[in-house]
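What follows is the content of entry_8.cif, which has mmCIF, N, CA and C atoms:
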data_input
loop_
_atom_site.label_atom_id
_atom_site.label_comp_id
_atom_site.auth_asym_id
_atom_site.auth_seq_id
_atom_site.Cartn_x
_atom_site.Cartn_y
_atom_site.Cartn_z
N MET A 414 0.84 -1.18 0.00
CA MET A 414 0.00 0.00 0.00
C MET A 414 0.89 1.25 0.00
N PRO A 415 0.63 2.22 -0.90
CA PRO A 415 1.49 3.40 -0.99
C PRO A 415 1.30 4.30 0.24
N TYR A 416 2.37 5.05 0.52
CA TYR A 416 2.31 6.01 1.62
C TYR A 416 1.33 7.14 1.27
N PRO A 417 0.79 7.83 2.30
CA PRO A 417 -0.13 8.94 2.03
C PRO A 417 0.58 10.14 1.43
N ARG A 418 -0.20 10.96 0.74
CA ARG A 418 0.35 12.20 0.16
C ARG A 418 0.49 13.26 1.26
N VAL A 419 1.54 14.03 1.14
CA VAL A 419 1.79 15.13 2.07
C VAL A 419 0.96 16.33 1.61
N PRO A 420 0.18 16.94 2.50
CA PRO A 420 -0.57 18.13 2.11
C PRO A 420 0.37 19.26 1.68
N ASP A 421 -0.01 19.98 0.66
CA ASP A 421 0.77 21.13 0.20
C ASP A 421 0.38 22.32 1.07
N VAL A 422 1.33 22.81 1.89
CA VAL A 422 1.02 23.89 2.83
C VAL A 422 1.77 25.19 2.51
N VAL A 423 2.50 25.21 1.40
CA VAL A 423 3.24 26.43 1.02
C VAL A 423 2.23 27.55 0.78
N GLY A 424 2.52 28.73 1.40
CA GLY A 424 1.65 29.89 1.25
C GLY A 424 0.63 30.01 2.37
N ARG A 425 0.49 28.99 3.18
CA ARG A 425 -0.47 29.03 4.29
C ARG A 425 0.21 29.60 5.53
N SER A 426 -0.58 30.01 6.51
CA SER A 426 -0.02 30.49 7.77
C SER A 426 0.64 29.31 8.49
N GLU A 427 1.57 29.62 9.36
CA GLU A 427 2.27 28.57 10.11
C GLU A 427 1.28 27.71 10.89
N SER A 428 0.35 28.35 11.58
CA SER A 428 -0.59 27.57 12.41
C SER A 428 -1.48 26.66 11.56
N ALA A 429 -1.96 27.16 10.43
CA ALA A 429 -2.80 26.34 9.56
C ALA A 429 -1.99 25.19 8.96
N ALA A 430 -0.73 25.44 8.61
CA ALA A 430 0.12 24.41 8.03
C ALA A 430 0.41 23.31 9.05
N VAL A 431 0.79 23.71 10.27
CA VAL A 431 1.09 22.72 11.31
C VAL A 431 -0.15 21.88 11.60
N SER A 432 -1.28 22.54 11.74
CA SER A 432 -2.54 21.84 12.02
C SER A 432 -2.88 20.85 10.90
N GLY A 433 -2.78 21.29 9.66
CA GLY A 433 -3.10 20.44 8.52
C GLY A 433 -2.19 19.24 8.40
N LEU A 434 -0.90 19.44 8.65
CA LEU A 434 0.05 18.33 8.55
C LEU A 434 -0.17 17.33 9.68
N ARG A 435 -0.44 17.83 10.88
CA ARG A 435 -0.68 16.92 12.01
C ARG A 435 -1.98 16.12 11.80
N GLU A 436 -3.01 16.79 11.29
CA GLU A 436 -4.27 16.09 11.01
C GLU A 436 -4.07 15.00 9.97
N ALA A 437 -3.11 15.21 9.06
CA ALA A 437 -2.82 14.21 8.03
C ALA A 437 -1.94 13.08 8.56
N GLY A 438 -1.51 13.18 9.85
CA GLY A 438 -0.74 12.10 10.46
C GLY A 438 0.75 12.27 10.42
N PHE A 439 1.23 13.51 10.24
CA PHE A 439 2.67 13.74 10.18
C PHE A 439 3.14 14.55 11.38
N GLN A 440 4.43 14.41 11.68
CA GLN A 440 5.10 15.27 12.66
C GLN A 440 5.55 16.53 11.90
N VAL A 441 5.79 17.61 12.62
CA VAL A 441 6.17 18.86 11.94
C VAL A 441 7.39 19.47 12.61
N SER A 442 8.33 19.87 11.80
CA SER A 442 9.50 20.63 12.26
C SER A 442 9.44 21.99 11.57
N VAL A 443 9.58 23.06 12.37
CA VAL A 443 9.47 24.41 11.82
C VAL A 443 10.83 25.09 11.87
N ILE A 444 11.23 25.65 10.73
CA ILE A 444 12.45 26.45 10.62
C ILE A 444 12.00 27.86 10.23
N THR A 445 12.60 28.86 10.85
CA THR A 445 12.24 30.24 10.49
C THR A 445 13.32 30.84 9.60
N GLU A 446 12.86 31.60 8.64
CA GLU A 446 13.78 32.30 7.73
C GLU A 446 13.47 33.78 7.81
N THR A 447 14.47 34.56 8.19
CA THR A 447 14.29 36.00 8.33
C THR A 447 14.33 36.67 6.97
N ARG A 448 13.37 37.54 6.76
CA ARG A 448 13.27 38.30 5.51
C ARG A 448 12.96 39.75 5.86
N THR A 449 13.16 40.64 4.88
CA THR A 449 12.85 42.06 5.11
C THR A 449 11.60 42.51 4.38
N SER A 450 10.95 41.59 3.65
CA SER A 450 9.70 41.96 2.97
C SER A 450 8.81 40.72 2.88
N GLY A 451 7.58 40.95 2.48
CA GLY A 451 6.64 39.85 2.36
C GLY A 451 5.76 39.74 3.58
N LYS A 452 4.99 38.65 3.62
CA LYS A 452 4.08 38.42 4.74
C LYS A 452 4.79 37.64 5.82
N ASP A 453 4.50 38.00 7.06
CA ASP A 453 5.10 37.34 8.21
C ASP A 453 4.33 36.06 8.54
N GLY A 454 5.05 35.00 8.94
CA GLY A 454 4.42 33.78 9.42
C GLY A 454 3.81 32.90 8.35
N VAL A 455 4.32 33.00 7.12
CA VAL A 455 3.79 32.22 6.00
C VAL A 455 4.79 31.14 5.62
N VAL A 456 4.28 29.97 5.26
CA VAL A 456 5.15 28.86 4.86
C VAL A 456 5.76 29.18 3.49
N LEU A 457 7.09 29.18 3.45
CA LEU A 457 7.82 29.47 2.21
C LEU A 457 8.13 28.20 1.42
N SER A 458 8.42 27.13 2.15
CA SER A 458 8.73 25.86 1.48
C SER A 458 8.50 24.72 2.47
N GLN A 459 8.50 23.50 1.93
CA GLN A 459 8.33 22.33 2.78
C GLN A 459 9.11 21.17 2.18
N THR A 460 9.54 20.25 3.08
CA THR A 460 10.25 19.05 2.67
C THR A 460 9.70 17.88 3.47
N PRO A 461 9.24 16.82 2.84
CA PRO A 461 9.05 16.66 1.41
C PRO A 461 7.99 17.63 0.88
N ALA A 462 8.02 17.81 -0.42
CA ALA A 462 7.11 18.75 -1.08
C ALA A 462 5.67 18.27 -0.97
N GLY A 463 4.76 19.24 -1.07
CA GLY A 463 3.35 18.91 -1.07
C GLY A 463 3.04 17.98 -2.24
N ARG A 464 2.15 17.04 -2.02
CA ARG A 464 1.71 16.04 -2.99
C ARG A 464 2.68 14.86 -3.10
N ASP A 465 3.89 14.97 -2.51
CA ASP A 465 4.77 13.80 -2.45
C ASP A 465 4.17 12.80 -1.45
N ARG A 466 4.64 11.60 -1.50
CA ARG A 466 4.19 10.59 -0.55
C ARG A 466 5.25 10.45 0.55
N ALA A 467 4.78 10.24 1.77
CA ALA A 467 5.71 10.09 2.89
C ALA A 467 5.15 9.08 3.88
N LYS A 468 6.05 8.46 4.63
CA LYS A 468 5.67 7.46 5.62
C LYS A 468 4.82 8.13 6.71
N PRO A 469 3.73 7.53 7.13
CA PRO A 469 2.92 8.09 8.21
C PRO A 469 3.77 8.35 9.45
N HIS A 470 3.50 9.43 10.13
CA HIS A 470 4.18 9.86 11.36
C HIS A 470 5.61 10.34 11.11
N SER A 471 6.03 10.42 9.83
CA SER A 471 7.35 10.99 9.54
C SER A 471 7.29 12.51 9.71
N THR A 472 8.46 13.12 9.75
CA THR A 472 8.53 14.56 9.99
C THR A 472 8.57 15.34 8.68
N ILE A 473 7.68 16.31 8.59
CA ILE A 473 7.65 17.24 7.46
C ILE A 473 8.26 18.54 7.97
N THR A 474 9.27 19.05 7.27
CA THR A 474 9.91 20.30 7.67
C THR A 474 9.32 21.44 6.86
N ILE A 475 8.88 22.48 7.58
CA ILE A 475 8.37 23.67 6.89
C ILE A 475 9.27 24.86 7.23
N VAL A 476 9.47 25.74 6.25
CA VAL A 476 10.24 26.96 6.44
C VAL A 476 9.23 28.11 6.45
N VAL A 477 9.24 28.86 7.56
CA VAL A 477 8.26 29.92 7.77
C VAL A 477 8.96 31.27 7.79
N SER A 478 8.34 32.27 7.14
CA SER A 478 8.92 33.61 7.08
C SER A 478 8.81 34.32 8.42
N SER A 479 9.86 35.03 8.75
CA SER A 479 9.87 35.93 9.91
C SER A 479 10.30 37.28 9.34
N VAL A 480 9.33 38.14 9.09
CA VAL A 480 9.62 39.40 8.41
C VAL A 480 10.02 40.45 9.43
N ILE A 481 11.18 41.02 9.19
CA ILE A 481 11.69 42.11 10.02
C ILE A 481 11.72 43.34 9.13
N ARG A 482 10.90 44.29 9.47
CA ARG A 482 10.86 45.53 8.68
C ARG A 482 12.04 46.40 9.09
N THR A 483 12.78 46.82 8.09
CA THR A 483 13.88 47.73 8.38
C THR A 483 13.32 49.13 8.55
N VAL A 484 13.80 49.81 9.54
CA VAL A 484 13.36 51.18 9.80
C VAL A 484 14.40 52.10 9.18
N THR A 485 13.93 52.95 8.31
CA THR A 485 14.84 53.90 7.69
C THR A 485 15.05 55.06 8.65
N PRO A 486 16.29 55.24 9.08
CA PRO A 486 16.53 56.33 10.02
C PRO A 486 16.33 57.67 9.32
N PRO A 487 16.00 58.69 10.08
CA PRO A 487 15.86 59.99 9.44
C PRO A 487 17.21 60.42 8.88
N PRO A 488 17.19 61.23 7.84
CA PRO A 488 18.46 61.66 7.28
C PRO A 488 19.25 62.44 8.33
N PRO A 489 20.57 62.32 8.27
CA PRO A 489 21.36 63.07 9.24
C PRO A 489 21.12 64.57 9.02
N PRO A 490 21.26 65.33 10.09
CA PRO A 490 21.03 66.76 9.92
C PRO A 490 21.97 67.31 8.85
N SER A 491 21.41 68.10 7.98
CA SER A 491 22.25 68.65 6.92
C SER A 491 23.06 69.81 7.47
N ASN A 492 24.11 70.09 6.81
CA ASN A 492 24.99 71.16 7.25
C ASN A 492 24.58 72.44 6.53
N CYS A 493 23.34 72.86 6.77
CA CYS A 493 22.80 74.05 6.12
C CYS A 493 22.21 74.98 7.16
N THR A 494 22.27 76.26 6.86
CA THR A 494 21.58 77.23 7.70
C THR A 494 20.11 77.18 7.33
N SER A 495 19.24 76.96 8.33
CA SER A 495 17.82 76.86 8.02
C SER A 495 17.32 78.18 7.47
N GLY A 496 16.33 78.07 6.57
CA GLY A 496 15.70 79.27 6.02
C GLY A 496 16.14 79.63 4.62
N TYR A 497 17.06 78.85 4.03
CA TYR A 497 17.56 79.19 2.70
C TYR A 497 17.55 77.97 1.78
N SER A 498 17.23 78.24 0.51
CA SER A 498 17.34 77.23 -0.53
C SER A 498 17.89 77.90 -1.77
N PRO A 499 18.98 77.43 -2.31
CA PRO A 499 19.76 76.26 -1.93
C PRO A 499 20.49 76.47 -0.60
N CYS A 500 21.09 75.39 -0.15
CA CYS A 500 21.77 75.34 1.13
C CYS A 500 22.88 76.40 1.23
N LEU A 501 22.91 77.05 2.37
CA LEU A 501 24.04 77.92 2.73
C LEU A 501 24.65 77.30 3.97
N THR A 502 25.90 76.84 3.85
CA THR A 502 26.55 76.23 5.01
C THR A 502 26.71 77.29 6.10
N PRO A 503 26.61 76.90 7.35
CA PRO A 503 26.70 77.88 8.43
C PRO A 503 28.00 78.68 8.37
N ALA A 504 27.88 79.96 8.58
CA ALA A 504 29.04 80.86 8.59
C ALA A 504 28.71 82.05 9.49
N TYR A 505 29.72 82.82 9.80
CA TYR A 505 29.52 84.01 10.63
C TYR A 505 28.61 85.00 9.92
N ASP A 506 28.80 85.17 8.60
CA ASP A 506 27.97 86.09 7.84
C ASP A 506 28.03 85.73 6.36
N TYR A 507 26.96 86.06 5.65
CA TYR A 507 26.90 85.93 4.19
C TYR A 507 26.49 87.27 3.63
N ASP A 508 27.00 87.55 2.45
CA ASP A 508 26.54 88.68 1.66
C ASP A 508 26.29 88.16 0.26
N CYS A 509 25.50 88.89 -0.51
CA CYS A 509 25.25 88.49 -1.89
C CYS A 509 26.49 88.75 -2.73
N ALA A 510 26.86 87.74 -3.52
CA ALA A 510 28.02 87.89 -4.40
C ALA A 510 27.75 89.03 -5.38
N GLY A 511 28.77 89.83 -5.64
CA GLY A 511 28.63 90.94 -6.57
C GLY A 511 28.05 92.19 -5.94
N GLY A 512 27.71 92.10 -4.66
CA GLY A 512 27.16 93.27 -3.97
C GLY A 512 28.26 94.01 -3.22
N SER A 513 27.85 94.88 -2.33
CA SER A 513 28.83 95.71 -1.62
C SER A 513 29.27 95.10 -0.30
N GLY A 514 28.75 93.93 0.06
CA GLY A 514 29.10 93.32 1.35
C GLY A 514 30.51 92.77 1.37
N ASP A 515 31.01 92.57 2.61
CA ASP A 515 32.39 92.12 2.78
C ASP A 515 32.52 90.67 3.24
N GLY A 516 31.44 89.90 3.13
CA GLY A 516 31.52 88.47 3.46
C GLY A 516 31.59 88.22 4.95
N PRO A 517 32.23 87.17 5.38
CA PRO A 517 33.29 86.41 4.74
C PRO A 517 32.80 85.39 3.70
N GLU A 518 31.50 85.05 3.70
CA GLU A 518 30.96 84.11 2.71
C GLU A 518 30.04 84.87 1.77
N PHE A 519 29.92 84.34 0.54
CA PHE A 519 29.07 84.99 -0.45
C PHE A 519 28.06 84.01 -1.01
N ALA A 520 26.83 84.48 -1.15
CA ALA A 520 25.74 83.66 -1.71
C ALA A 520 25.54 84.07 -3.15
N TYR A 521 25.44 83.08 -4.02
CA TYR A 521 25.20 83.30 -5.43
C TYR A 521 23.73 83.02 -5.70
N GLY A 522 23.01 84.01 -6.17
CA GLY A 522 21.56 83.92 -6.28
C GLY A 522 21.08 83.32 -7.58
N PRO A 523 19.78 83.15 -7.64
CA PRO A 523 18.87 83.54 -6.57
C PRO A 523 18.90 82.55 -5.41
N VAL A 524 18.69 83.06 -4.22
CA VAL A 524 18.56 82.25 -3.02
C VAL A 524 17.16 82.50 -2.49
N TYR A 525 16.41 81.41 -2.29
CA TYR A 525 15.03 81.54 -1.81
C TYR A 525 15.02 81.48 -0.29
N VAL A 526 14.34 82.43 0.31
CA VAL A 526 14.23 82.50 1.76
C VAL A 526 12.97 81.71 2.13
N THR A 527 13.19 80.56 2.80
CA THR A 527 12.09 79.64 3.10
C THR A 527 11.69 79.71 4.57
N GLY A 528 12.30 80.56 5.32
CA GLY A 528 12.01 80.69 6.76
C GLY A 528 12.61 81.99 7.24
N SER A 529 13.34 81.89 8.32
CA SER A 529 13.99 83.11 8.83
C SER A 529 15.13 83.50 7.89
N ASP A 530 15.61 84.70 8.03
CA ASP A 530 16.68 85.24 7.17
C ASP A 530 17.80 85.76 8.06
N PRO A 531 18.53 84.83 8.74
CA PRO A 531 19.53 85.28 9.72
C PRO A 531 20.67 86.10 9.12
N TYR A 532 20.92 85.95 7.82
CA TYR A 532 22.01 86.72 7.21
C TYR A 532 21.50 88.01 6.56
N ASP A 533 20.19 88.27 6.69
CA ASP A 533 19.57 89.49 6.15
C ASP A 533 19.91 89.67 4.67
N LEU A 534 19.72 88.59 3.91
CA LEU A 534 20.01 88.65 2.48
C LEU A 534 18.82 89.17 1.66
N ASP A 535 17.60 88.99 2.17
CA ASP A 535 16.39 89.39 1.44
C ASP A 535 15.94 90.76 1.93
N ARG A 536 16.66 91.77 1.53
CA ARG A 536 16.41 93.13 2.04
C ARG A 536 15.04 93.67 1.65
N ASP A 537 14.52 93.27 0.47
CA ASP A 537 13.21 93.81 0.06
C ASP A 537 12.06 92.92 0.53
N GLY A 538 12.35 91.80 1.19
CA GLY A 538 11.32 90.98 1.80
C GLY A 538 10.41 90.22 0.84
N ASP A 539 10.87 90.00 -0.40
CA ASP A 539 10.00 89.31 -1.37
C ASP A 539 10.23 87.79 -1.40
N GLY A 540 11.08 87.26 -0.50
CA GLY A 540 11.31 85.83 -0.43
C GLY A 540 12.44 85.34 -1.33
N VAL A 541 13.03 86.25 -2.11
CA VAL A 541 14.13 85.88 -3.00
C VAL A 541 15.29 86.83 -2.71
N ALA A 542 16.46 86.25 -2.41
CA ALA A 542 17.63 87.06 -2.09
C ALA A 542 18.67 86.93 -3.19
N CYS A 543 19.56 87.88 -3.24
CA CYS A 543 20.68 87.87 -4.20
C CYS A 543 20.18 87.69 -5.62
N GLU A 544 19.19 88.50 -6.00
CA GLU A 544 18.51 88.35 -7.28
C GLU A 544 19.25 88.93 -8.47
N SER A 545 20.28 89.67 -8.26
CA SER A 545 20.90 90.42 -9.35
C SER A 545 20.93 89.66 -10.59
#
Before anything else, please render the file you have as structure tokens.
Amino acid sequence: MPYPRVPDVVGRSESAAVSGLREAGFQVSVITETRTSGKDGVVLSQTPAGRDRAKPHSTITIVVSSVIRTVTPPPPPSNCTSGYSPCLTPAYDYDCAGGSGDGPEFAYGPVYVTGSDPYDLDRDGDGVACES
């Protein structure tokens, strides 16, 4: 008499797979495989394969996903003075390039003022500095 067929449990939840295999008369060994995507707790593979024949009470090994979501850390603080686009690296003072200021740093425009204006580059208050 041929051995019984092993239920195909790939894609099922771990609990449903274990229950189904035990009801079919098999022992179950569970191996976890860590992944960074996909569904957690799902059977990825089994040995012997589903629909194969196996001796009653033999052990069927299932590989179950353990999904670990990677957390993307926030970007490191940029080395820019807040309130300006494009970035102006922090300095004691900025003046508009080509103007009458003495620096020590010079901004090449246009520079958009997106917040405060600590270097007082937007003298006319229209949100755009160093427009020449």
Residues selected by the PyMOL selection byres ((chain A and resi 449-463) around 5), written as a PyMOL selection string:
chain A and resi 419-421+423-427+447-448+464-465+473-481
*Report the residues of stretch 465-536 of chain A whose backbone DSSP state falls under strand (DSSP E or B), written as a PyMOL selection string.*
chain A and resi 466+472-480+497-498+507-509+518-520+524-526
All residues 8 Å or closer to A:Asp539, all atoms listed in the file, same chain fewer than 4 positions away omitted, as an mmCIF file with N, CA and C atoms, keeping the file's coordinate frame:
data_model
loop_
_atom_site.group_PDB
_atom_site.id
_atom_site.type_symbol
_atom_site.label_atom_id
_atom_site.label_comp_id
_atom_site.auth_asym_id
_atom_site.auth_seq_id
_atom_site.Cartn_x
_atom_site.Cartn_y
_atom_site.Cartn_z
ATOM 1 N N TYR A 525 16.410 81.410 -2.290
ATOM 2 C CA TYR A 525 15.030 81.540 -1.810
ATOM 3 C C TYR A 525 15.020 81.480 -0.290
ATOM 4 N N VAL A 526 14.340 82.430 0.310
ATOM 5 C CA VAL A 526 14.230 82.500 1.760
ATOM 6 C C VAL A 526 12.970 81.710 2.130
ATOM 7 N N ASP A 535 17.600 88.990 2.170
ATOM 8 C CA ASP A 535 16.390 89.390 1.440
ATOM 9 C C ASP A 535 15.940 90.760 1.930
#
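Comparing the minimum interatomic distances between A:Thr494 and each of A:Tyr416, A:Ser471, A:Ser513, A:Pro531, counting all atoms listed in the file, we find that A:Pro531 sits nearest.
Going from atom CA of A:Pro523 over to atom CA of A:Cys500, you cover 11.6 Å.
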**Study point:** Atom pair atom N of A:Ser498 / atom C of A:Asp533: separation (Å)
**Key:**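 Pair atom N of A:Ser498 / atom C of A:Asp533 returns 12.5 Å.
Atom pair atom CA of A:Arg536 / atom N of A:Ala520: separated by 13.9 Å.
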Can you pull stretch 454-535 of chain A out of that block with C-alpha atoms and hand it back as a PDB file, in the first residue's frame?
ATOM      1  CA  GLY A 454       4.420  33.781   9.417  1.00  0.00           C
ATOM      2  CA  VAL A 455       3.785  32.220   6.003  1.00  0.00           C
ATOM      3  CA  VAL A 456       5.155  28.862   4.860  1.00  0.00           C
ATOM      4  CA  LEU A 457       7.818  29.474   2.210  1.00  0.00           C
ATOM      5  CA  SER A 458       8.728  25.859   1.481  1.00  0.00           C
ATOM      6  CA  GLN A 459       8.330  22.330   2.777  1.00  0.00           C
ATOM      7  CA  THR A 460      10.246  19.051   2.668  1.00  0.00           C
ATOM      8  CA  PRO A 461       9.049  16.659   1.413  1.00  0.00           C
ATOM      9  CA  ALA A 462       7.115  18.748  -1.082  1.00  0.00           C
ATOM     10  CA  GLY A 463       3.352  18.908  -1.072  1.00  0.00           C
ATOM     11  CA  ARG A 464       1.709  16.038  -2.994  1.00  0.00           C
ATOM     12  CA  ASP A 465       4.774  13.801  -2.448  1.00  0.00           C
ATOM     13  CA  ARG A 466       4.187  10.590  -0.545  1.00  0.00           C
ATOM     14  CA  ALA A 467       5.713  10.089   2.892  1.00  0.00           C
ATOM     15  CA  LYS A 468       5.666   7.463   5.624  1.00  0.00           C
ATOM     16  CA  PRO A 469       2.918   8.094   8.208  1.00  0.00           C
ATOM     17  CA  HIS A 470       4.183   9.857  11.360  1.00  0.00           C
ATOM     18  CA  SER A 471       7.355  10.988   9.544  1.00  0.00           C
ATOM     19  CA  THR A 472       8.528  14.562   9.993  1.00  0.00           C
ATOM     20  CA  ILE A 473       7.651  17.239   7.462  1.00  0.00           C
ATOM     21  CA  THR A 474       9.909  20.302   7.668  1.00  0.00           C
ATOM     22  CA  ILE A 475       8.372  23.668   6.887  1.00  0.00           C
ATOM     23  CA  VAL A 476      10.237  26.961   6.439  1.00  0.00           C
ATOM     24  CA  VAL A 477       8.260  29.921   7.771  1.00  0.00           C
ATOM     25  CA  SER A 478       8.922  33.611   7.078  1.00  0.00           C
ATOM     26  CA  SER A 479       9.871  35.928   9.906  1.00  0.00           C
ATOM     27  CA  VAL A 480       9.617  39.398   8.413  1.00  0.00           C
ATOM     28  CA  ILE A 481      11.685  42.112  10.020  1.00  0.00           C
ATOM     29  CA  ARG A 482      10.864  45.527   8.679  1.00  0.00           C
ATOM     30  CA  THR A 483      13.882  47.727   8.382  1.00  0.00           C
ATOM     31  CA  VAL A 484      13.359  51.178   9.802  1.00  0.00           C
ATOM     32  CA  THR A 485      14.837  53.899   7.686  1.00  0.00           C
ATOM     33  CA  PRO A 486      16.532  56.332  10.016  1.00  0.00           C
ATOM     34  CA  PRO A 487      15.864  59.990   9.444  1.00  0.00           C
ATOM     35  CA  PRO A 488      18.465  61.658   7.280  1.00  0.00           C
ATOM     36  CA  PRO A 489      21.361  63.074   9.239  1.00  0.00           C
ATOM     37  CA  PRO A 490      21.032  66.764   9.922  1.00  0.00           C
ATOM     38  CA  SER A 491      22.247  68.647   6.921  1.00  0.00           C
ATOM     39  CA  ASN A 492      24.993  71.159   7.246  1.00  0.00           C
ATOM     40  CA  CYS A 493      22.799  74.051   6.115  1.00  0.00           C
ATOM     41  CA  THR A 494      21.577  77.234   7.701  1.00  0.00           C
ATOM     42  CA  SER A 495      17.824  76.860   8.017  1.00  0.00           C
ATOM     43  CA  GLY A 496      15.703  79.271   6.022  1.00  0.00           C
ATOM     44  CA  TYR A 497      17.561  79.187   2.697  1.00  0.00           C
ATOM     45  CA  SER A 498      17.339  77.228  -0.527  1.00  0.00           C
ATOM     46  CA  PRO A 499      19.756  76.260  -1.933  1.00  0.00           C
ATOM     47  CA  CYS A 500      21.774  75.342   1.134  1.00  0.00           C
ATOM     48  CA  LEU A 501      24.037  77.915   2.725  1.00  0.00           C
ATOM     49  CA  THR A 502      26.549  76.231   5.015  1.00  0.00           C
ATOM     50  CA  PRO A 503      26.698  77.881   8.430  1.00  0.00           C
ATOM     51  CA  ALA A 504      29.044  80.860   8.591  1.00  0.00           C
ATOM     52  CA  TYR A 505      29.523  84.009  10.627  1.00  0.00           C
ATOM     53  CA  ASP A 506      27.968  86.093   7.836  1.00  0.00           C
ATOM     54  CA  TYR A 507      26.899  85.933   4.193  1.00  0.00           C
ATOM     55  CA  ASP A 508      26.539  88.683   1.657  1.00  0.00           C
ATOM     56  CA  CYS A 509      25.247  88.490  -1.892  1.00  0.00           C
ATOM     57  CA  ALA A 510      28.022  87.888  -4.399  1.00  0.00           C
ATOM     58  CA  GLY A 511      28.626  90.936  -6.571  1.00  0.00           C
ATOM     59  CA  GLY A 512      27.162  93.265  -3.967  1.00  0.00           C
ATOM     60  CA  SER A 513      28.829  95.711  -1.623  1.00  0.00           C
ATOM     61  CA  GLY A 514      29.098  93.321   1.349  1.00  0.00           C
ATOM     62  CA  ASP A 515      32.392  92.123   2.778  1.00  0.00           C
ATOM     63  CA  GLY A 516      31.519  88.472   3.460  1.00  0.00           C
ATOM     64  CA  PRO A 517      33.288  86.405   4.738  1.00  0.00           C
ATOM     65  CA  GLU A 518      30.961  84.115   2.710  1.00  0.00           C
ATOM     66  CA  PHE A 519      29.068  84.992  -0.449  1.00  0.00           C
ATOM     67  CA  ALA A 520      25.744  83.663  -1.705  1.00  0.00           C
ATOM     68  CA  TYR A 521      25.199  83.305  -5.431  1.00  0.00           C
ATOM     69  CA  GLY A 522      21.558  83.916  -6.283  1.00  0.00           C
ATOM     70  CA  PRO A 523      18.869  83.544  -6.566  1.00  0.00           C
ATOM     71  CA  VAL A 524      18.565  82.254  -3.018  1.00  0.00           C
ATOM     72  CA  TYR A 525      15.033  81.537  -1.810  1.00  0.00           C
ATOM     73  CA  VAL A 526      14.228  82.498   1.758  1.00  0.00           C
ATOM     74  CA  THR A 527      12.091  79.643   3.105  1.00  0.00           C
ATOM     75  CA  GLY A 528      12.009  80.686   6.756  1.00  0.00           C
ATOM     76  CA  SER A 529      13.990  83.108   8.831  1.00  0.00           C
ATOM     77  CA  ASP A 530      16.677  85.238   7.173  1.00  0.00           C
ATOM     78  CA  PRO A 531      19.526  85.281   9.720  1.00  0.00           C
ATOM     79  CA  TYR A 532      22.008  86.722   7.208  1.00  0.00           C
ATOM     80  CA  ASP A 533      19.573  89.491   6.152  1.00  0.00           C
ATOM     81  CA  LEU A 534      20.009  88.646   2.476  1.00  0.00           C
ATOM     82  CA  ASP A 535      16.394  89.386   1.440  1.00  0.00           C
TER      83      ASP A 535
END
